[in-house]
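Containing compact mmCIF, C-alpha atoms: run-v8.txt.
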```txt
# COMPACT_ATOMS: atom_id res chain seq x y z
CA MET X 1 0.00 0.00 0.00
CA LYS X 2 2.85 2.34 0.92
CA ILE X 3 4.51 1.56 -2.40
CA LEU X 4 1.32 2.47 -4.28
CA ARG X 5 1.01 5.72 -2.32
CA THR X 6 4.65 6.54 -3.07
CA ILE X 7 4.15 5.87 -6.76
CA ALA X 8 1.00 8.00 -6.80
CA ALA X 9 2.75 10.83 -4.95
CA THR X 10 5.71 10.69 -7.32
CA ALA X 11 3.43 10.74 -10.36
CA ALA X 12 1.54 13.72 -8.96
CA LEU X 13 4.81 15.57 -8.31
CA LEU X 14 6.08 14.86 -11.82
CA ALA X 15 2.78 16.02 -13.29
CA ALA X 16 2.93 19.23 -11.26
CA MET X 17 6.53 19.82 -12.38
CA SER X 18 5.53 19.27 -15.99
CA LEU X 19 2.68 21.76 -15.71
CA THR X 20 4.99 24.29 -14.09
CA ALA X 21 7.53 23.84 -16.89
CA LEU X 22 4.83 24.31 -19.49
CA ALA X 23 3.51 27.40 -17.74
CA ALA X 24 6.93 29.07 -17.37
CA PRO X 25 7.41 31.69 -20.09
CA LYS X 26 10.41 31.56 -22.37
CA SER X 27 13.05 33.98 -21.10
CA ILE X 28 15.02 36.20 -23.47
CA LYS X 29 17.87 38.62 -22.86
CA VAL X 30 17.57 41.93 -24.73
CA ALA X 31 20.23 44.61 -25.20
CA THR X 32 19.53 48.35 -25.19
CA ASP X 33 21.79 51.39 -25.18
CA ALA X 34 20.13 53.30 -22.34
CA THR X 35 21.51 56.72 -23.32
CA TRP X 36 18.75 57.74 -25.73
CA PRO X 37 15.95 59.43 -23.75
CA PRO X 38 12.99 59.19 -23.79
CA MET X 39 13.24 55.91 -25.70
CA GLU X 40 15.72 54.15 -23.38
CA MET X 41 17.60 55.58 -20.41
CA VAL X 42 18.68 54.95 -16.81
CA ASP X 43 16.55 56.69 -14.17
CA ALA X 44 17.52 58.08 -10.75
CA ASN X 45 17.12 54.61 -9.25
CA LYS X 46 19.54 53.16 -11.83
CA GLN X 47 16.70 51.27 -13.55
CA ILE X 48 16.48 51.01 -17.34
CA VAL X 49 13.29 52.79 -18.37
CA GLY X 50 11.72 54.46 -21.40
CA TYR X 51 9.36 54.01 -24.33
CA ASP X 52 11.15 50.98 -25.77
CA ILE X 53 11.36 49.29 -22.39
CA ASP X 54 7.65 49.70 -21.67
CA PHE X 55 6.80 48.66 -25.22
CA LEU X 56 8.84 45.45 -25.13
CA ASN X 57 7.52 44.55 -21.69
CA ALA X 58 3.98 44.89 -23.09
CA VAL X 59 4.93 42.84 -26.16
CA ALA X 60 6.51 40.15 -23.99
CA LYS X 61 3.40 39.87 -21.83
CA GLU X 62 1.22 39.40 -24.92
CA ALA X 63 3.64 36.89 -26.46
CA GLY X 64 4.22 34.87 -23.28
CA LEU X 65 7.86 35.86 -22.90
CA ALA X 66 9.97 36.97 -19.94
CA VAL X 67 12.53 39.71 -20.66
CA GLN X 68 15.83 40.60 -19.06
CA PHE X 69 17.36 43.88 -20.26
CA LYS X 70 21.10 44.44 -20.63
CA ASN X 71 22.46 47.99 -20.89
CA THR X 72 24.96 47.87 -23.76
CA ALA X 73 27.02 50.59 -25.45
CA TRP X 74 25.83 51.32 -28.98
CA ASP X 75 29.21 50.81 -30.65
CA GLY X 76 29.25 47.15 -29.57
CA ILE X 77 25.57 46.33 -29.48
CA PHE X 78 25.38 44.45 -32.81
CA ALA X 79 28.60 42.54 -32.13
CA GLY X 80 27.06 41.30 -28.87
CA LEU X 81 24.08 39.92 -30.77
CA ASP X 82 26.43 38.25 -33.26
CA SER X 83 28.32 36.51 -30.43
CA GLY X 84 25.16 35.37 -28.65
CA GLN X 85 25.46 37.57 -25.55
CA TYR X 86 21.73 38.30 -25.88
CA ASP X 87 18.78 37.24 -28.02
CA ALA X 88 17.57 40.59 -29.35
CA ILE X 89 18.12 44.34 -29.42
CA ILE X 90 15.56 47.07 -28.79
CA SER X 91 17.34 50.41 -28.91
CA SER X 92 15.63 52.78 -31.34
CA VAL X 93 17.06 50.74 -34.22
CA THR X 94 15.94 51.97 -37.63
CA ILE X 95 15.16 49.21 -40.12
CA THR X 96 17.47 49.71 -43.11
CA LYS X 97 18.38 47.55 -46.11
CA GLU X 98 21.96 47.32 -44.89
CA ARG X 99 20.94 46.10 -41.45
CA LYS X 100 18.34 43.69 -42.85
CA ALA X 101 21.10 42.04 -44.89
CA LYS X 102 22.82 41.01 -41.63
CA TYR X 103 19.97 40.69 -39.13
CA ASP X 104 16.28 39.84 -38.92
CA PHE X 105 13.80 42.47 -37.77
CA THR X 106 10.31 42.42 -36.37
CA ASP X 107 7.57 44.48 -37.94
CA PRO X 108 8.08 48.22 -37.30
CA TYR X 109 6.68 49.20 -33.91
CA THR X 110 6.87 52.99 -34.32
CA SER X 111 7.96 55.60 -36.87
CA ILE X 112 10.18 58.64 -36.41
CA GLY X 113 12.28 61.09 -38.41
CA GLN X 114 15.64 62.77 -38.07
CA ILE X 115 15.58 66.45 -37.15
CA LEU X 116 18.05 69.28 -36.55
CA VAL X 117 18.65 71.06 -33.23
CA VAL X 118 20.64 74.32 -33.08
CA PRO X 119 21.34 77.03 -30.49
CA LYS X 120 18.57 79.60 -30.05
CA THR X 121 21.10 82.27 -30.99
CA ASP X 122 21.15 80.84 -34.54
CA LYS X 123 18.50 82.83 -36.41
CA THR X 124 19.01 81.46 -39.92
CA SER X 125 19.72 77.70 -40.00
CA LYS X 126 16.84 75.40 -40.95
CA THR X 127 18.68 72.47 -42.56
CA ILE X 128 22.00 70.67 -42.18
CA ALA X 129 23.17 72.35 -45.41
CA ASP X 130 22.77 75.75 -43.72
CA LEU X 131 25.62 74.75 -41.39
CA LYS X 132 28.28 74.35 -44.09
CA GLY X 133 31.72 75.08 -42.76
CA LYS X 134 30.65 74.13 -39.24
CA LYS X 135 30.61 71.01 -37.07
CA VAL X 136 27.38 69.04 -36.63
CA GLY X 137 27.10 66.32 -34.01
CA SER X 138 25.31 62.98 -33.90
CA GLN X 139 25.66 59.56 -32.26
CA ILE X 140 28.12 57.25 -33.99
CA GLY X 141 26.63 54.54 -36.19
CA THR X 142 23.12 56.03 -36.24
CA THR X 143 20.99 57.14 -39.16
CA GLY X 144 21.45 60.69 -37.88
CA ALA X 145 25.20 60.38 -38.42
CA MET X 146 24.56 58.99 -41.89
CA GLU X 147 22.40 62.01 -42.76
CA VAL X 148 25.06 64.48 -41.61
CA LYS X 149 27.72 62.73 -43.69
CA LYS X 150 25.56 63.09 -46.82
CA VAL X 151 25.90 66.90 -46.75
CA SER X 152 29.10 68.18 -48.32
CA GLY X 153 30.83 71.06 -46.60
CA VAL X 154 29.59 70.09 -43.13
CA GLU X 155 32.04 68.56 -40.66
CA SER X 156 30.53 65.50 -38.98
CA LYS X 157 31.46 64.92 -35.34
CA THR X 158 30.20 61.71 -33.77
CA TYR X 159 29.79 60.70 -30.14
CA ASP X 160 29.36 57.47 -28.20
CA GLU X 161 26.32 59.01 -26.47
CA ILE X 162 23.97 61.66 -27.88
CA GLY X 163 24.03 63.57 -24.59
CA LEU X 164 27.71 64.35 -25.19
CA ALA X 165 26.80 66.05 -28.48
CA PHE X 166 24.37 68.35 -26.68
CA GLU X 167 27.03 69.10 -24.06
CA ASP X 168 29.44 70.12 -26.81
CA MET X 169 26.82 72.33 -28.45
CA ALA X 170 26.12 74.03 -25.12
CA ALA X 171 29.86 74.72 -24.84
CA GLY X 172 30.02 76.13 -28.38
CA ARG X 173 32.21 73.37 -29.78
CA ILE X 174 29.64 72.29 -32.40
CA TYR X 175 26.80 74.20 -34.06
CA GLY X 176 24.07 71.64 -34.54
CA VAL X 177 22.92 68.15 -33.52
CA VAL X 178 20.97 65.66 -35.64
CA CYS X 179 18.96 62.95 -33.90
CA ASP X 180 15.54 61.27 -33.72
CA GLU X 181 12.54 63.53 -33.09
CA PRO X 182 11.67 62.25 -29.58
CA VAL X 183 15.29 62.59 -28.47
CA ALA X 184 15.52 66.10 -29.90
CA ALA X 185 12.34 67.06 -28.04
CA HIS X 186 13.71 65.64 -24.79
CA PHE X 187 16.95 67.60 -24.93
CA ALA X 188 15.81 70.80 -26.61
CA LEU X 189 12.33 71.28 -25.15
CA GLN X 190 12.23 69.44 -21.81
CA LYS X 191 15.70 69.24 -20.26
CA LYS X 192 15.88 72.23 -17.92
CA GLU X 193 19.53 73.06 -18.56
CA TYR X 194 19.01 73.15 -22.33
CA LYS X 195 15.47 74.33 -23.09
CA GLU X 196 16.50 77.99 -22.93
CA LYS X 197 19.56 77.33 -25.10
CA PHE X 198 18.42 75.07 -27.94
CA LYS X 199 15.61 74.85 -30.47
CA ILE X 200 14.37 72.38 -33.06
CA VAL X 201 14.37 73.83 -36.58
CA GLY X 202 12.80 72.78 -39.86
CA LYS X 203 10.85 69.57 -40.32
CA PRO X 204 11.87 65.91 -40.01
CA PHE X 205 13.82 65.02 -43.13
CA THR X 206 13.58 61.22 -42.95
CA LYS X 207 10.83 58.71 -42.28
CA GLU X 208 12.09 55.66 -40.41
CA GLY X 209 10.59 52.60 -38.76
CA TYR X 210 12.04 51.16 -35.57
CA GLY X 211 12.25 47.38 -35.28
CA ILE X 212 13.40 44.80 -32.74
CA VAL X 213 16.58 43.11 -34.00
CA VAL X 214 17.30 39.38 -33.72
CA LYS X 215 20.02 37.13 -35.07
CA LYS X 216 19.62 36.15 -38.73
CA GLY X 217 17.49 33.02 -39.03
CA ASN X 218 15.82 33.17 -35.61
CA GLN X 219 12.37 33.16 -37.15
CA GLU X 220 10.74 31.60 -34.09
CA LEU X 221 11.58 34.64 -31.97
CA VAL X 222 10.59 37.07 -34.73
CA THR X 223 7.19 35.36 -34.97
CA LEU X 224 6.63 35.53 -31.21
CA LEU X 225 7.62 39.20 -31.04
CA ASN X 226 5.45 40.11 -34.03
CA LYS X 227 2.52 38.36 -32.34
CA GLY X 228 3.10 40.55 -29.29
CA ILE X 229 3.48 43.74 -31.35
CA GLN X 230 0.21 43.07 -33.15
CA ALA X 231 -1.60 42.48 -29.85
CA VAL X 232 -0.16 45.63 -28.26
CA LYS X 233 -1.29 47.73 -31.22
CA ALA X 234 -4.70 46.07 -31.35
CA LYS X 235 -5.27 46.94 -27.69
CA LYS X 236 -3.86 50.46 -28.27
CA LEU X 237 -1.31 49.93 -25.52
CA ASP X 238 1.26 51.60 -27.78
CA THR X 239 -0.78 54.83 -27.65
CA ARG X 240 -0.66 54.83 -23.85
CA ILE X 241 3.09 54.20 -23.89
CA HIS X 242 3.63 56.99 -26.42
CA THR X 243 1.61 59.41 -24.32
CA ARG X 244 3.65 58.55 -21.24
CA TRP X 245 7.08 59.02 -22.78
CA VAL X 246 6.90 61.23 -25.88
CA LYS X 247 5.88 64.76 -24.99
```

Could the structure of this file be written out as structure tokens, please?
Amino acid sequence: MKILRTIAATAALLAAMSLTALAAPKSIKVATDATWPPMEMVDANKQIVGYDIDFLNAVAKEAGLAVQFKNTAWDGIFAGLDSGQYDAIISSVTITKERKAKYDFTDPYTSIGQILVVPKTDKTSKTIADLKGKKVGSQIGTTGAMEVKKVSGVESKTYDEIGLAFEDMAAGRIYGVVCDEPVAAHFALQKKEYKEKFKIVGKPFTKEGYGIVVKKGNQELVTLLNKGIQAVKAKKLDTRIHTRWVK
């Protein structure tokens, strides 16, 4: 009788363990360069926060995934994906033909454009071309840097973090910064030490879609993430996240 009870108890335990295993969500590690407010940044409590973080957490919940974020410098973020240090990247990454040749992307989850920020003392500049003969800053390896380099006569100066470009402009070492619209708004319109010094000029001169990046061939993860993105948009959770972070 004891043997039967032991067998029954063991079977029940194994069944419970199996159910627990089935219920546990798949865990993924995701890299982000948390120096790009309001999309991804480190708050006063040293937590990674921002639009992209909230968005991916919402996507993960809908897709049945658990996410661990890893703060990673932009200049090494793609190499880390190549070497398997993490499963995906969400870091305001624009979907481009060049990047799609090396990596797989989810569907676009939001759209932005590049825009120019200059000192308020500049009364004439509206485009990058208006700054010929001067230095214009951007973050290295971004589409903003690519746009600056397209304009002849402008000296491109790149930075590991976009905040350093704004610091240099405040000090008079460069005369313009090109970056994504939400980032420009954060630094030029909301950051107390800069909002009296800088202004956004002209209109966005690109139209870009952000995507979540995964290693080439990892179609299973792309499918799961796309399922989550579709659900987040269907429930209009993306609108709430946008309202929270993009002013």

Between atom CA of Asp75 of chain X and atom CA of His242 of chain X lies a distance of 26.7 Å

Output as JSON lines one row per residue of segment 60-177 of chain X within 6 Å of segment 27-51 of chain X: the closest atom pair and its distance in Å to one decimal place, counting all atoms listed in the file, sorted by chain and residue number ascending.
```
{"residue": "X:Leu65", "atom": "CA", "partner": "X:Ser27", "partner_atom": "CA", "distance": 5.8}
{"residue": "X:Ala66", "atom": "CA", "partner": "X:Ser27", "partner_atom": "CA", "distance": 4.4}
{"residue": "X:Val67", "atom": "CA", "partner": "X:Ile28", "partner_atom": "CA", "distance": 5.1}
{"residue": "X:Gln68", "atom": "CA", "partner": "X:Lys29", "partner_atom": "CA", "distance": 4.7}
{"residue": "X:Phe69", "atom": "CA", "partner": "X:Val30", "partner_atom": "CA", "distance": 4.9}
{"residue": "X:Lys70", "atom": "CA", "partner": "X:Ala31", "partner_atom": "CA", "distance": 4.7}
{"residue": "X:Asn71", "atom": "CA", "partner": "X:Thr32", "partner_atom": "CA", "distance": 5.2}
{"residue": "X:Thr72", "atom": "CA", "partner": "X:Asp33", "partner_atom": "CA", "distance": 4.9}
{"residue": "X:Ala73", "atom": "CA", "partner": "X:Asp33", "partner_atom": "CA", "distance": 5.3}
{"residue": "X:Trp74", "atom": "CA", "partner": "X:Asp33", "partner_atom": "CA", "distance": 5.5}
{"residue": "X:Tyr86", "atom": "CA", "partner": "X:Lys29", "partner_atom": "CA", "distance": 4.9}
{"residue": "X:Asp87", "atom": "CA", "partner": "X:Lys29", "partner_atom": "CA", "distance": 5.4}
{"residue": "X:Ala88", "atom": "CA", "partner": "X:Val30", "partner_atom": "CA", "distance": 4.8}
{"residue": "X:Ile89", "atom": "CA", "partner": "X:Ala31", "partner_atom": "CA", "distance": 4.7}
{"residue": "X:Ile90", "atom": "CA", "partner": "X:Thr32", "partner_atom": "CA", "distance": 5.5}
{"residue": "X:Ser91", "atom": "CA", "partner": "X:Thr32", "partner_atom": "CA", "distance": 4.8}
```

Interatomic distance (Å, one decimal) between atom CA of Gly163 of chain X and atom CA of Lys100 of chain X: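 Between atom CA of Gly163 of chain X and atom CA of Lys100 of chain X the gap works out to 27.6 Å.
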
Kindly give the distance, in Å, that separates atom CA of Ser125 of chain X and atom CA of Thr143 of chain X, rounded to a single decimal. 20.6 Å

I need the residue nearest Pro108 of chain X from this list: X:Thr94, X:Thr142, X:Thr243, X:Asn218. Use all atoms listed in the file for the distance.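 Using all atoms listed in the file, the shortest distance to Pro108 of chain X belongs to X:Thr94.
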
With all atoms listed in the file as the counted atoms, please give the residues lying no more than 7 Å from segment 200-203 of chain X, apart from itself and same-chain residues fewer than 5 positions off, as a VMD selection string. chain X and resid 115 to 118 126 to 127 188

May I have the selected residues written with C-alpha atoms, as a PDB file, keeping the file's coordinate frame?
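The new file part.pdb reads:
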```
ATOM      1  CA  ILE X 115      15.580  66.450 -37.150  1.00  0.00           C
ATOM      2  CA  LEU X 116      18.050  69.280 -36.550  1.00  0.00           C
ATOM      3  CA  VAL X 117      18.650  71.060 -33.230  1.00  0.00           C
ATOM      4  CA  VAL X 118      20.640  74.320 -33.080  1.00  0.00           C
ATOM      5  CA  LYS X 126      16.840  75.400 -40.950  1.00  0.00           C
ATOM      6  CA  THR X 127      18.680  72.470 -42.560  1.00  0.00           C
ATOM      7  CA  ALA X 188      15.810  70.800 -26.610  1.00  0.00           C
TER       8      ALA X 188
END
```

Would you list the contacts of Asp104 of chain X as a VMD selection string, taking every protein, DNA or RNA residue within 8 Å and counting only C-alpha atoms, but skipping same-chain residues closer than 5 positions in sequence? chain X and resid 213 to 219 222

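The residue set within 10 Å of Leu131 of chain X, counting only C-alpha atoms and dropping same-chain residues fewer than 5 places from it, reads Val118, Thr124, Ser125, Lys126, Val136, Val151, Gly153, Val154, Glu155, Tyr175 and Gly176 of chain X.
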
From the options X:Val183, X:Ala63, X:Ile162, X:Met169, which residue's atoms come nearest to Ala231 of chain X, counting only C-alpha atoms?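 Distance minimum relative to Ala231 of chain X lands on X:Ala63.
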
Using all atoms listed in the file, which residues sit within 7 Å of Ser156 of chain X once same-chain residues fewer than 5 positions away are excluded, as a short mmCIF file (atom, residue, chain, number, x, y, z; two decimals) with C-alpha atoms, keeping the file's coordinate frame?
```cif
data_model
loop_
_atom_site.label_atom_id
_atom_site.label_comp_id
_atom_site.auth_asym_id
_atom_site.auth_seq_id
_atom_site.Cartn_x
_atom_site.Cartn_y
_atom_site.Cartn_z
CA LYS X 135 30.61 71.01 -37.07
CA VAL X 136 27.38 69.04 -36.63
CA GLY X 137 27.10 66.32 -34.01
CA VAL X 148 25.06 64.48 -41.61
CA LYS X 149 27.72 62.73 -43.69
#
```

Selected residue of minimal separation from Tyr210 of chain X among X:Trp245, X:Phe198, X:Tyr109, X:Phe55, counting all atoms listed in the file: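 Closest residue, counting all atoms listed in the file: X:Tyr109.
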
Which one is closest to Asp130 of chain X: X:Ser152, X:Glu208, X:Phe78, X:Ala101? Count all atoms listed in the file. X:Ser152

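Candidate residues X:Ile95, X:Val232, X:Val246, X:Ile53 were compared for distance to Ala185 of chain X, and the nearest is X:Val246, using all atoms listed in the file.
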